[in-house]
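See below for protein26.cif, which holds mmCIF, C-alpha atoms.
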data_target
#
loop_
_atom_site.label_atom_id
_atom_site.label_comp_id
_atom_site.auth_asym_id
_atom_site.auth_seq_id
_atom_site.Cartn_x
_atom_site.Cartn_y
_atom_site.Cartn_z
CA MET O 1 72.94 13.24 -13.39
CA ASN O 2 71.59 14.12 -16.82
CA MET O 3 70.30 10.56 -17.20
CA ASN O 4 68.39 10.84 -13.89
CA ILE O 5 66.81 14.12 -15.00
CA LYS O 6 65.73 12.55 -18.28
CA ILE O 7 64.15 9.60 -16.46
CA ILE O 8 62.29 11.91 -14.04
CA CYS O 9 61.01 14.08 -16.92
CA ALA O 10 59.88 11.01 -18.85
CA LEU O 11 57.97 9.73 -15.82
CA LEU O 12 56.31 13.16 -15.31
CA VAL O 13 55.21 13.30 -18.95
CA ALA O 14 53.81 9.78 -18.76
CA THR O 15 51.90 10.66 -15.58
CA ILE O 16 50.44 13.83 -17.11
CA VAL O 17 49.37 12.05 -20.28
CA SER O 18 47.81 9.24 -18.27
CA SER O 19 45.97 11.79 -16.08
CA VAL O 20 44.64 13.77 -19.02
CA GLY O 21 43.51 10.65 -20.82
CA ALA O 22 41.70 9.43 -17.71
CA ARG O 23 39.62 12.59 -17.32
CA ASP O 24 37.30 11.86 -20.25
CA PHE O 25 35.28 8.70 -20.55
CA ARG O 26 32.18 7.33 -22.18
CA ALA O 27 29.37 5.41 -20.49
CA ASP O 28 25.90 4.45 -21.68
CA GLY O 29 26.23 6.49 -24.86
CA LEU O 30 27.18 9.74 -23.08
CA ARG O 31 30.57 11.35 -22.69
CA TYR O 32 31.74 12.60 -19.31
CA ASN O 33 34.52 14.71 -17.93
CA ILE O 34 35.82 14.08 -14.43
CA ILE O 35 35.57 17.21 -12.29
CA SER O 36 37.19 15.87 -9.12
CA GLU O 37 38.84 12.51 -8.49
CA LYS O 38 38.82 13.26 -4.79
CA ASP O 39 35.06 13.91 -4.66
CA SER O 40 34.26 11.41 -7.44
CA THR O 41 32.27 13.97 -9.43
CA CYS O 42 31.85 14.47 -13.16
CA GLU O 43 29.93 16.39 -15.81
CA VAL O 44 28.24 15.46 -19.04
CA THR O 45 30.41 17.03 -21.69
CA PHE O 46 30.24 18.00 -25.36
CA ASN O 47 30.19 15.03 -27.67
CA GLY O 48 30.72 16.78 -30.97
CA LYS O 49 28.19 15.68 -33.57
CA GLU O 50 27.87 12.17 -32.24
CA TYR O 51 24.60 12.78 -30.38
CA PHE O 52 22.67 13.45 -33.56
CA GLU O 53 24.54 11.30 -36.07
CA GLU O 54 24.41 7.54 -36.36
CA PRO O 55 25.16 5.42 -34.46
CA TYR O 56 24.83 7.88 -31.53
CA ALA O 57 21.57 9.63 -32.50
CA MET O 58 19.37 10.06 -29.42
CA ASP O 59 15.70 10.98 -29.01
CA SER O 60 15.03 10.15 -25.36
CA VAL O 61 17.98 10.92 -23.09
CA VAL O 62 18.30 9.76 -19.50
CA ILE O 63 21.24 11.24 -17.62
CA PRO O 64 22.13 8.98 -14.67
CA GLU O 65 22.91 10.12 -11.16
CA TYR O 66 26.19 8.24 -11.35
CA ALA O 67 28.41 7.38 -14.29
CA VAL O 68 30.34 4.14 -13.87
CA THR O 69 33.64 3.24 -15.51
CA ASP O 70 36.28 0.59 -14.94
CA SER O 71 38.16 3.11 -12.81
CA GLY O 72 35.30 4.15 -10.54
CA ARG O 73 31.84 5.59 -9.93
CA TYR O 74 31.30 9.34 -10.39
CA LYS O 75 28.37 11.50 -9.31
CA VAL O 76 26.98 13.59 -12.18
CA ILE O 77 26.72 17.15 -10.82
CA ARG O 78 26.93 19.27 -13.94
CA ILE O 79 25.81 19.42 -17.55
CA GLY O 80 28.72 21.08 -19.29
CA GLU O 81 28.89 23.90 -21.80
CA ASN O 82 27.47 22.89 -25.20
CA ALA O 83 26.92 19.36 -23.87
CA PHE O 84 23.93 18.65 -26.13
CA TYR O 85 24.28 21.64 -28.45
CA GLY O 86 22.40 21.07 -31.69
CA CYS O 87 21.09 17.64 -30.73
CA VAL O 88 18.16 17.98 -33.12
CA THR O 89 16.82 14.45 -32.56
CA MET O 90 16.35 14.80 -28.79
CA THR O 91 12.64 14.95 -27.81
CA ASP O 92 12.96 14.62 -24.04
CA VAL O 93 15.65 14.54 -21.39
CA GLU O 94 15.66 13.35 -17.81
CA ILE O 95 18.06 15.29 -15.59
CA PRO O 96 18.92 13.75 -12.20
CA GLN O 97 18.59 15.61 -8.92
CA THR O 98 22.34 15.31 -8.41
CA VAL O 99 22.86 18.02 -11.06
CA ASN O 100 23.35 21.49 -9.57
CA SER O 101 24.62 23.36 -12.63
CA ILE O 102 23.58 23.56 -16.28
CA GLU O 103 26.17 25.47 -18.29
CA THR O 104 26.03 27.84 -21.27
CA SER O 105 24.26 26.51 -24.38
CA ALA O 106 23.95 23.05 -22.84
CA PHE O 107 20.76 22.32 -24.79
CA GLN O 108 20.82 25.14 -27.33
CA GLY O 109 19.40 24.20 -30.70
CA CYS O 110 17.73 20.98 -29.51
CA MET O 111 14.92 21.71 -31.90
CA SER O 112 12.83 18.61 -31.10
CA LEU O 113 13.01 18.91 -27.30
CA GLU O 114 9.48 19.27 -25.91
CA MET O 115 9.70 19.09 -22.14
CA VAL O 116 12.29 19.60 -19.40
CA SER O 117 12.26 19.61 -15.60
CA ILE O 118 15.12 21.41 -13.87
CA PRO O 119 16.56 19.77 -10.71
CA LYS O 120 16.00 21.53 -7.41
CA GLY O 121 19.72 22.12 -6.80
CA VAL O 122 20.15 24.35 -9.85
CA LYS O 123 20.38 28.04 -8.86
CA ILE O 124 21.40 29.53 -12.23
CA LEU O 125 20.27 28.75 -15.74
CA SER O 126 23.25 29.86 -17.79
CA ASP O 127 23.21 31.88 -21.00
CA ASP O 128 21.41 30.36 -24.01
CA VAL O 129 20.88 27.13 -22.12
CA PHE O 130 17.64 26.29 -23.96
CA GLY O 131 17.97 28.85 -26.75
CA ASP O 132 16.31 27.94 -30.05
CA CYS O 133 14.57 24.86 -28.66
CA ALA O 134 11.72 25.58 -31.05
CA LYS O 135 9.36 22.82 -29.83
CA LEU O 136 9.95 23.24 -26.09
CA SER O 137 6.46 23.71 -24.62
CA THR O 138 6.81 22.61 -20.99
CA VAL O 139 9.44 23.82 -18.52
CA ILE O 140 9.35 23.09 -14.80
CA LEU O 141 11.59 25.37 -12.76
CA PRO O 142 12.45 24.47 -9.16
CA ARG O 143 11.93 26.57 -6.09
CA GLY O 144 15.29 28.02 -5.28
CA ILE O 145 16.36 28.96 -8.78
CA GLU O 146 17.63 32.55 -8.77
CA VAL O 147 18.93 33.58 -12.19
CA LEU O 148 17.67 33.18 -15.75
CA GLY O 149 20.70 33.89 -17.93
CA ASN O 150 20.92 35.80 -21.18
CA GLY O 151 18.81 34.11 -23.83
CA ALA O 152 17.94 31.24 -21.50
CA PHE O 153 14.72 30.46 -23.42
CA ALA O 154 15.19 32.68 -26.47
CA GLY O 155 13.51 31.33 -29.56
CA CYS O 156 11.41 28.73 -27.73
CA LEU O 157 8.53 29.28 -30.13
CA LYS O 158 6.11 26.79 -28.53
CA LEU O 159 6.56 27.84 -24.90
CA GLY O 160 3.04 29.00 -24.05
CA ARG O 161 3.24 29.15 -20.29
CA ILE O 162 5.92 29.08 -17.60
CA SER O 163 5.68 29.53 -13.85
CA LEU O 164 8.51 31.60 -12.42
CA PRO O 165 9.28 30.68 -8.78
CA GLY O 166 9.43 33.46 -6.20
CA SER O 167 13.11 32.76 -5.65
CA ILE O 168 14.09 34.28 -9.02
CA LYS O 169 16.09 37.49 -8.61
CA VAL O 170 17.35 38.12 -12.15
CA ILE O 171 15.66 37.97 -15.55
CA SER O 172 18.53 38.68 -17.92
CA ALA O 173 18.59 40.11 -21.43
CA ASP O 174 16.78 38.09 -24.11
CA ALA O 175 15.60 35.55 -21.52
CA PHE O 176 12.30 34.93 -23.37
CA TYR O 177 13.17 36.61 -26.68
CA HIS O 178 10.67 35.63 -29.38
CA CYS O 179 8.80 33.11 -27.25
CA GLU O 180 5.94 33.63 -29.66
CA ALA O 181 3.40 31.36 -27.93
CA LEU O 182 3.85 32.82 -24.43
CA LYS O 183 0.48 34.20 -23.30
CA GLU O 184 0.97 35.24 -19.69
CA ILE O 185 3.83 35.97 -17.33
CA ILE O 186 3.85 36.77 -13.63
CA ILE O 187 7.16 38.37 -12.63
CA PRO O 188 8.27 37.26 -9.13
CA SER O 189 8.22 39.76 -6.29
CA GLY O 190 12.01 39.80 -5.84
CA ILE O 191 12.74 41.18 -9.31
CA ASP O 192 13.85 44.85 -9.45
CA SER O 193 14.80 45.00 -13.14
CA ILE O 194 13.84 43.29 -16.39
CA GLY O 195 16.67 42.87 -18.87
CA THR O 196 17.04 44.20 -22.39
CA GLU O 197 14.73 42.45 -24.88
CA ALA O 198 13.71 40.01 -22.13
CA PHE O 199 10.24 39.51 -23.67
CA TYR O 200 10.85 41.08 -27.06
CA GLY O 201 8.72 39.61 -29.82
CA CYS O 202 6.42 37.62 -27.52
CA LYS O 203 3.58 38.32 -29.90
CA SER O 204 0.95 36.25 -28.00
CA LEU O 205 1.65 37.83 -24.59
CA ARG O 206 -1.66 39.23 -23.32
CA ASN O 207 -1.07 39.68 -19.63
CA ILE O 208 1.94 40.67 -17.55
CA VAL O 209 1.97 41.12 -13.79
CA LEU O 210 4.86 43.25 -12.58
CA PRO O 211 6.07 43.28 -8.95
CA ASN O 212 5.96 46.36 -6.73
CA LYS O 213 9.73 46.18 -6.27
CA LEU O 214 10.41 46.67 -9.99
CA GLU O 215 12.53 49.77 -10.67
CA THR O 216 13.76 49.37 -14.26
CA ILE O 217 12.34 48.07 -17.50
CA ALA O 218 15.30 47.93 -19.86
CA ASP O 219 15.46 48.73 -23.58
CA LYS O 220 13.07 46.77 -25.82
CA ALA O 221 11.97 44.59 -22.90
CA PHE O 222 8.40 44.21 -24.22
CA GLY O 223 8.83 45.45 -27.78
CA TYR O 224 6.62 43.85 -30.43
CA CYS O 225 4.28 42.23 -27.89
CA HIS O 226 1.38 42.60 -30.31
CA SER O 227 -1.31 41.03 -28.07
CA LEU O 228 -0.65 43.18 -25.00
CA THR O 229 -3.69 45.42 -24.39
CA SER O 230 -2.90 47.01 -21.04
CA VAL O 231 -0.15 47.11 -18.47
CA ARG O 232 -0.04 48.29 -14.88
CA LEU O 233 3.36 49.69 -14.02
CA PRO O 234 4.36 49.51 -10.32
CA GLU O 235 4.79 52.65 -8.24
CA ASN O 236 8.51 52.04 -7.60
CA LEU O 237 9.37 52.06 -11.30
CA HIS O 238 11.94 54.75 -12.11
CA ASN O 239 13.11 54.01 -15.63
CA ILE O 240 11.41 52.92 -18.84
CA GLY O 241 14.05 52.09 -21.41
CA SER O 242 14.19 52.88 -25.11
CA TYR O 243 11.65 50.95 -27.21
CA ALA O 244 10.45 49.24 -24.00
CA PHE O 245 6.89 48.86 -25.33
CA ALA O 246 7.44 49.86 -28.96
CA TYR O 247 5.13 48.29 -31.53
CA CYS O 248 2.72 46.96 -28.91
CA ASP O 249 0.03 47.86 -31.41
CA ASN O 250 -2.93 46.64 -29.31
CA LEU O 251 -1.90 48.48 -26.15
CA THR O 252 -4.79 50.81 -25.31
CA SER O 253 -3.82 52.00 -21.85
CA VAL O 254 -0.80 52.26 -19.59
CA ASN O 255 -0.42 53.95 -16.24
CA LEU O 256 2.85 55.74 -15.60
CA PRO O 257 3.79 55.78 -11.90
CA ALA O 258 4.67 58.96 -10.04
CA ASP O 259 8.35 58.08 -9.58
CA ILE O 260 9.15 57.92 -13.29
CA LYS O 261 11.85 60.43 -14.27
CA VAL O 262 12.66 59.42 -17.84
CA ILE O 263 10.53 58.03 -20.65
CA GLY O 264 13.08 56.45 -22.97
CA ASP O 265 13.45 56.95 -26.70
CA ALA O 266 10.55 55.35 -28.60
CA ALA O 267 9.35 53.77 -25.33
CA PHE O 268 5.78 53.69 -26.66
CA GLY O 269 6.57 54.23 -30.31
CA ASN O 270 4.01 52.88 -32.77
CA CYS O 271 1.56 51.80 -30.09
CA THR O 272 -1.17 52.47 -32.60
CA SER O 273 -4.10 51.69 -30.25
CA LEU O 274 -3.01 54.02 -27.44
CA ILE O 275 -5.60 56.79 -27.01
CA VAL O 276 -4.44 58.86 -24.02
CA ALA O 277 -0.94 59.62 -22.73
CA THR O 278 -0.98 61.01 -19.20
CA ILE O 279 2.56 61.77 -18.17
CA PRO O 280 2.79 62.16 -14.39
CA ASP O 281 4.25 65.08 -12.46
CA GLY O 282 7.93 64.43 -11.81
CA VAL O 283 8.88 63.24 -15.28
CA GLU O 284 11.92 65.24 -16.41
CA GLU O 285 12.68 63.85 -19.84
CA ILE O 286 10.53 62.64 -22.73
CA GLY O 287 12.87 60.85 -25.12
CA ASP O 288 13.15 61.04 -28.89
CA LEU O 289 10.28 59.28 -30.67
CA ALA O 290 8.72 58.46 -27.28
CA TYR O 291 5.19 58.28 -28.66
CA THR O 292 5.86 58.52 -32.39
CA GLY O 293 3.42 56.74 -34.66
CA CYS O 294 0.68 56.46 -32.01
CA THR O 295 -1.92 57.11 -34.68
CA ASN O 296 -4.93 56.90 -32.35
CA LEU O 297 -3.50 59.10 -29.61
CA LYS O 298 -6.01 61.90 -29.04
CA SER O 299 -4.76 63.60 -25.90
CA VAL O 300 -1.45 64.10 -24.10
CA ARG O 301 -0.64 65.79 -20.79
CA ILE O 302 2.89 67.14 -20.32
CA PRO O 303 3.69 68.10 -16.70
CA GLY O 304 5.56 71.20 -15.61
CA SER O 305 8.47 69.08 -14.37
CA VAL O 306 9.57 68.21 -17.92
CA GLU O 307 12.97 69.65 -18.82
CA SER O 308 13.29 68.28 -22.34
CA ILE O 309 11.04 66.93 -25.07
CA GLY O 310 12.88 64.78 -27.58
CA THR O 311 12.93 65.00 -31.35
CA ALA O 312 9.78 63.55 -32.93
CA ALA O 313 8.43 62.65 -29.48
CA PHE O 314 4.84 62.93 -30.76
CA ASP O 315 5.49 62.76 -34.49
CA LYS O 316 2.94 60.95 -36.67
CA CYS O 317 0.31 61.14 -33.91
CA THR O 318 -2.21 62.09 -36.57
CA ALA O 319 -5.32 61.89 -34.35
CA LEU O 320 -3.94 64.21 -31.67
CA THR O 321 -6.44 66.97 -30.86
CA ASP O 322 -5.44 68.14 -27.36
CA VAL O 323 -2.01 68.86 -25.91
CA ILE O 324 -2.12 69.95 -22.28
CA CYS O 325 1.28 71.43 -21.49
CA LEU O 326 1.87 72.61 -17.90
CA ILE O 327 5.36 74.00 -18.53
CA GLU O 328 5.36 77.76 -17.89
CA LYS O 329 8.37 78.50 -20.08
CA PRO O 330 8.15 76.31 -23.17
CA LYS O 331 11.11 74.03 -23.89
CA ALA O 332 12.81 73.89 -27.27
CA ILE O 333 11.10 71.58 -29.74
CA THR O 334 11.57 70.84 -33.44
CA ARG O 335 9.31 70.87 -36.45
CA HIS O 336 8.76 67.13 -36.00
CA THR O 337 8.16 67.00 -32.24
CA PHE O 338 4.47 67.13 -33.13
CA SER O 339 3.06 66.53 -36.61
CA ASN O 340 -0.48 67.74 -35.98
CA TYR O 341 0.11 71.43 -35.21
CA ALA O 342 -2.54 72.59 -37.65
CA LYS O 343 -5.31 70.47 -36.07
CA ALA O 344 -4.42 70.27 -32.36
CA HIS O 345 -5.49 72.50 -29.48
CA LEU O 346 -2.68 73.53 -27.12
CA HIS O 347 -3.64 74.16 -23.47
CA VAL O 348 -1.06 76.15 -21.46
CA PRO O 349 -0.82 77.50 -17.87
CA TYR O 350 -2.50 80.74 -16.87
CA ASN O 351 -0.68 83.86 -18.04
CA CYS O 352 1.73 81.86 -20.23
CA LYS O 353 0.07 82.11 -23.63
CA LYS O 354 2.45 84.90 -24.70
CA ASN O 355 5.46 82.64 -24.03
CA TYR O 356 4.05 80.01 -26.33
CA MET O 357 3.02 82.49 -29.02
CA LEU O 358 6.68 83.49 -29.21
CA GLY O 359 8.02 79.92 -29.01
CA LYS O 360 9.38 78.39 -32.18
CA TYR O 361 6.99 75.71 -33.44
CA TRP O 362 4.78 76.05 -30.34
CA LYS O 363 3.16 79.01 -32.05
CA ASP O 364 2.15 76.76 -34.96
CA PHE O 365 -0.65 75.07 -33.02
CA LEU O 366 -4.13 75.71 -34.42
CA LYS O 367 -5.34 77.15 -31.13
CA ILE O 368 -3.60 78.12 -27.90
CA THR O 369 -5.70 78.49 -24.77
CA GLU O 370 -4.72 79.50 -21.24
CA ASP O 371 -6.16 77.53 -18.38
CA ALA O 372 -8.21 79.44 -15.83
CA LYS O 373 -6.27 80.97 -12.94
#
structure tokens encoding of this file:
Amino acid sequence: MNMNIKIICALLVATIVSSVGARDFRADGLRYNIISEKDSTCEVTFNGKEYFEEPYAMDSVVIPEYAVTDSGRYKVIRIGENAFYGCVTMTDVEIPQTVNSIETSAFQGCMSLEMVSIPKGVKILSDDVFGDCAKLSTVILPRGIEVLGNGAFAGCLKLGRISLPGSIKVISADAFYHCEALKEIIIPSGIDSIGTEAFYGCKSLRNIVLPNKLETIADKAFGYCHSLTSVRLPENLHNIGSYAFAYCDNLTSVNLPADIKVIGDAAFGNCTSLIVATIPDGVEEIGDLAYTGCTNLKSVRIPGSVESIGTAAFDKCTALTDVICLIEKPKAITRHTFSNYAKAHLHVPYNCKKNYMLGKYWKDFLKITEDAK
């Protein structure tokens, strides 16, 4: 009985080892992993350092629709996680239409890659899939793609233009982080939020078109976009995150829609070309440092709906001459909420001057004037 058990166990171990060994194979210089024997499908898988070291160094890569081995023919449906990670010699890659998934970091760090066309069956570009492809200048996305993952094109320094299909529903955090050559972007109509740092550091970005459906611009989404001169924010926008447009130092005008409730911390901090800040009725919170360092800001309108004004919200706005505040009972501020008290003219609602004359730091304005009844 014991002998029979030993024989059965030995056979099971042999079968498992044989099965595991058969799941990985090499063909035409690429390594594959079998996904399903039943469906005869496989993926291109990580090849260690062999892709960019002799004798396996590759510059032009053609991924076939089918990979053929002695044991069978397998359809290539996926490019696996880290499949070509760090393949610094690769200049171009041809991806077959059989591929419907490109996994995390599949081409990350392919610093010589210049052009890529994504197959029409791909719905999601996974996280960091083309991150740090410094020479990537041309990307063709298919109709039907829905999600750009975190850092999908982060660090693609040469990417000057990309057309986003209308099917895209999600632009994740860092999607185009530091795409320094990107000049224009049209956000598809189905997008309702733009992820954290999605376009952070796109220093050549001059024009952005935002969809009417957009509700949220997350933290640092357009920070350090030095070439941006104006932006039209859609009427459905509710939230502008912290540092959303910080250091956009050529931004001269921005319209804030009526539905905005919160202007995040440092949302427009150090926008040194901004001249006028008209905050619409309905805004309830102006965050810390919201407009700090806007050295050319001359006029600001604060609506009566505002419940709180953050620390240093208008600090270092050295050109500020007119503050129009429609709050009847002034909210608490600090010494550094404004830095131009001695030179600025404060305009307050009718019959409210006394409230401001008694308000800590409000009373420090050079001149306080009541509006006509």
| Written as a PyMOL selection string, which residues does the PyMOL selection byres ((chain O and resi 113-119) around 9) give for the file shown? | chain O and resi 59+87-100+107+109-112+120-122+133-142+158
| said: On this structure, the PyMOL selection byres ((chain O and resi 229) around 6) would catch which residues? List them as a PyMOL selection string, sorted by chain and number. | reply: chain O and resi 228+230+250-252
| message | Once the PyMOL selection byres ((chain O and resi 146) around 10) is applied to the coordinates I shared, what remains selected? I want it as a list in words. | response |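 Listing what the PyMOL selection byres ((chain O and resi 146) around 10) selects in the shown file: Val122, Lys123, Ile124, Leu125, Pro142, Arg143, Gly144, Ile145, Val147, Leu148, Gly149, Leu164, Pro165, Gly166, Ser167, Ile168, Lys169, Val170, Ile171, Gly190 and Ile191 of chain O.
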Using only C-alpha atoms and a cutoff of 6 Å, can you tell me which residues are near (29.6, 13.8, -13.2) in the file's coordinates, and write them out as a CSV table (one decimal) with C-alpha atoms, in the frame of the given file?
chain,number,residue,atom,x,y,z
O,41,THR,CA,32.3,14.0,-9.4
O,42,CYS,CA,31.8,14.5,-13.2
O,43,GLU,CA,29.9,16.4,-15.8
O,74,TYR,CA,31.3,9.3,-10.4
O,75,LYS,CA,28.4,11.5,-9.3
O,76,VAL,CA,27.0,13.6,-12.2
O,77,ILE,CA,26.7,17.2,-10.8
Counting all atoms listed in the file, select every polymer residue within 7 Å of (7.3, 65.2, -11.5) as defined in the file's coordinates, and provide the selection as a CSV table (one decimal) with C-alpha atoms, keeping the file's coordinate frame.
chain,number,residue,atom,x,y,z
O,258,ALA,CA,4.7,59.0,-10.0
O,280,PRO,CA,2.8,62.2,-14.4
O,281,ASP,CA,4.2,65.1,-12.5
O,282,GLY,CA,7.9,64.4,-11.8
O,283,VAL,CA,8.9,63.2,-15.3
O,284,GLU,CA,11.9,65.2,-16.4
O,303,PRO,CA,3.7,68.1,-16.7
O,305,SER,CA,8.5,69.1,-14.4
| query | Expressed in Å to a single decimal, how great is the separation between atom CA of O:Ser253 and atom CA of O:Val231? | reply | 7.0 Å
| field | Closest of O:Asp39, O:Asp265, O:Glu215, O:Asp371 to O:Glu235 - atom-to-atom distances counting all atoms listed in the file | value |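 Counting all atoms listed in the file, the residue closest to O:Glu235 is O:Glu215.
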Return the padded bounding box of stretch 103-109 of chain O as JSON: axis-aligned, built from all atoms listed in the file, 8 Å added on each side, with centre and edge lengths in Å to one decimal.
{"center_x": 22.8, "center_y": 25.1, "center_z": -24.5, "size_x": 22.8, "size_y": 21.5, "size_z": 28.4}
| So what do you get for atom CA of O:Phe268 versus atom CA of O:Tyr243, distance-wise? |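 Pair atom CA of O:Phe268 / atom CA of O:Tyr243 returns 6.5 Å.
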| field | Test item: residues at most 12 Å from O:Asp128, only C-alpha atoms, excluding those fewer than 2 positions along its chain, as a PyMOL selection string | value | chain O and resi 81-82+85+102-110+124-126+130-133+148-156+172-177
Those same residues, written as a PDB file, in the coordinates of the input with C-alpha atoms?
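part_9.pdb, written as the output of this step:
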ATOM      1  CA  GLU O  81      28.890  23.900 -21.800  1.00  0.00           C
ATOM      2  CA  ASN O  82      27.470  22.890 -25.200  1.00  0.00           C
ATOM      3  CA  TYR O  85      24.280  21.640 -28.450  1.00  0.00           C
ATOM      4  CA  ILE O 102      23.580  23.560 -16.280  1.00  0.00           C
ATOM      5  CA  GLU O 103      26.170  25.470 -18.290  1.00  0.00           C
ATOM      6  CA  THR O 104      26.030  27.840 -21.270  1.00  0.00           C
ATOM      7  CA  SER O 105      24.260  26.510 -24.380  1.00  0.00           C
ATOM      8  CA  ALA O 106      23.950  23.050 -22.840  1.00  0.00           C
ATOM      9  CA  PHE O 107      20.760  22.320 -24.790  1.00  0.00           C
ATOM     10  CA  GLN O 108      20.820  25.140 -27.330  1.00  0.00           C
ATOM     11  CA  GLY O 109      19.400  24.200 -30.700  1.00  0.00           C
ATOM     12  CA  CYS O 110      17.730  20.980 -29.510  1.00  0.00           C
ATOM     13  CA  ILE O 124      21.400  29.530 -12.230  1.00  0.00           C
ATOM     14  CA  LEU O 125      20.270  28.750 -15.740  1.00  0.00           C
ATOM     15  CA  SER O 126      23.250  29.860 -17.790  1.00  0.00           C
ATOM     16  CA  PHE O 130      17.640  26.290 -23.960  1.00  0.00           C
ATOM     17  CA  GLY O 131      17.970  28.850 -26.750  1.00  0.00           C
ATOM     18  CA  ASP O 132      16.310  27.940 -30.050  1.00  0.00           C
ATOM     19  CA  CYS O 133      14.570  24.860 -28.660  1.00  0.00           C
ATOM     20  CA  LEU O 148      17.670  33.180 -15.750  1.00  0.00           C
ATOM     21  CA  GLY O 149      20.700  33.890 -17.930  1.00  0.00           C
ATOM     22  CA  ASN O 150      20.920  35.800 -21.180  1.00  0.00           C
ATOM     23  CA  GLY O 151      18.810  34.110 -23.830  1.00  0.00           C
ATOM     24  CA  ALA O 152      17.940  31.240 -21.500  1.00  0.00           C
ATOM     25  CA  PHE O 153      14.720  30.460 -23.420  1.00  0.00           C
ATOM     26  CA  ALA O 154      15.190  32.680 -26.470  1.00  0.00           C
ATOM     27  CA  GLY O 155      13.510  31.330 -29.560  1.00  0.00           C
ATOM     28  CA  CYS O 156      11.410  28.730 -27.730  1.00  0.00           C
ATOM     29  CA  SER O 172      18.530  38.680 -17.920  1.00  0.00           C
ATOM     30  CA  ALA O 173      18.590  40.110 -21.430  1.00  0.00           C
ATOM     31  CA  ASP O 174      16.780  38.090 -24.110  1.00  0.00           C
ATOM     32  CA  ALA O 175      15.600  35.550 -21.520  1.00  0.00           C
ATOM     33  CA  PHE O 176      12.300  34.930 -23.370  1.00  0.00           C
ATOM     34  CA  TYR O 177      13.170  36.610 -26.680  1.00  0.00           C
TER      35      TYR O 177
END
| message | Report, in Å to a single decimal, how far apart atom CA of O:Cys202 and atom CA of O:His226 are. | response |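 Straight-line distance from atom CA of O:His226 to atom CA of O:Cys202 works out to 7.6 Å.
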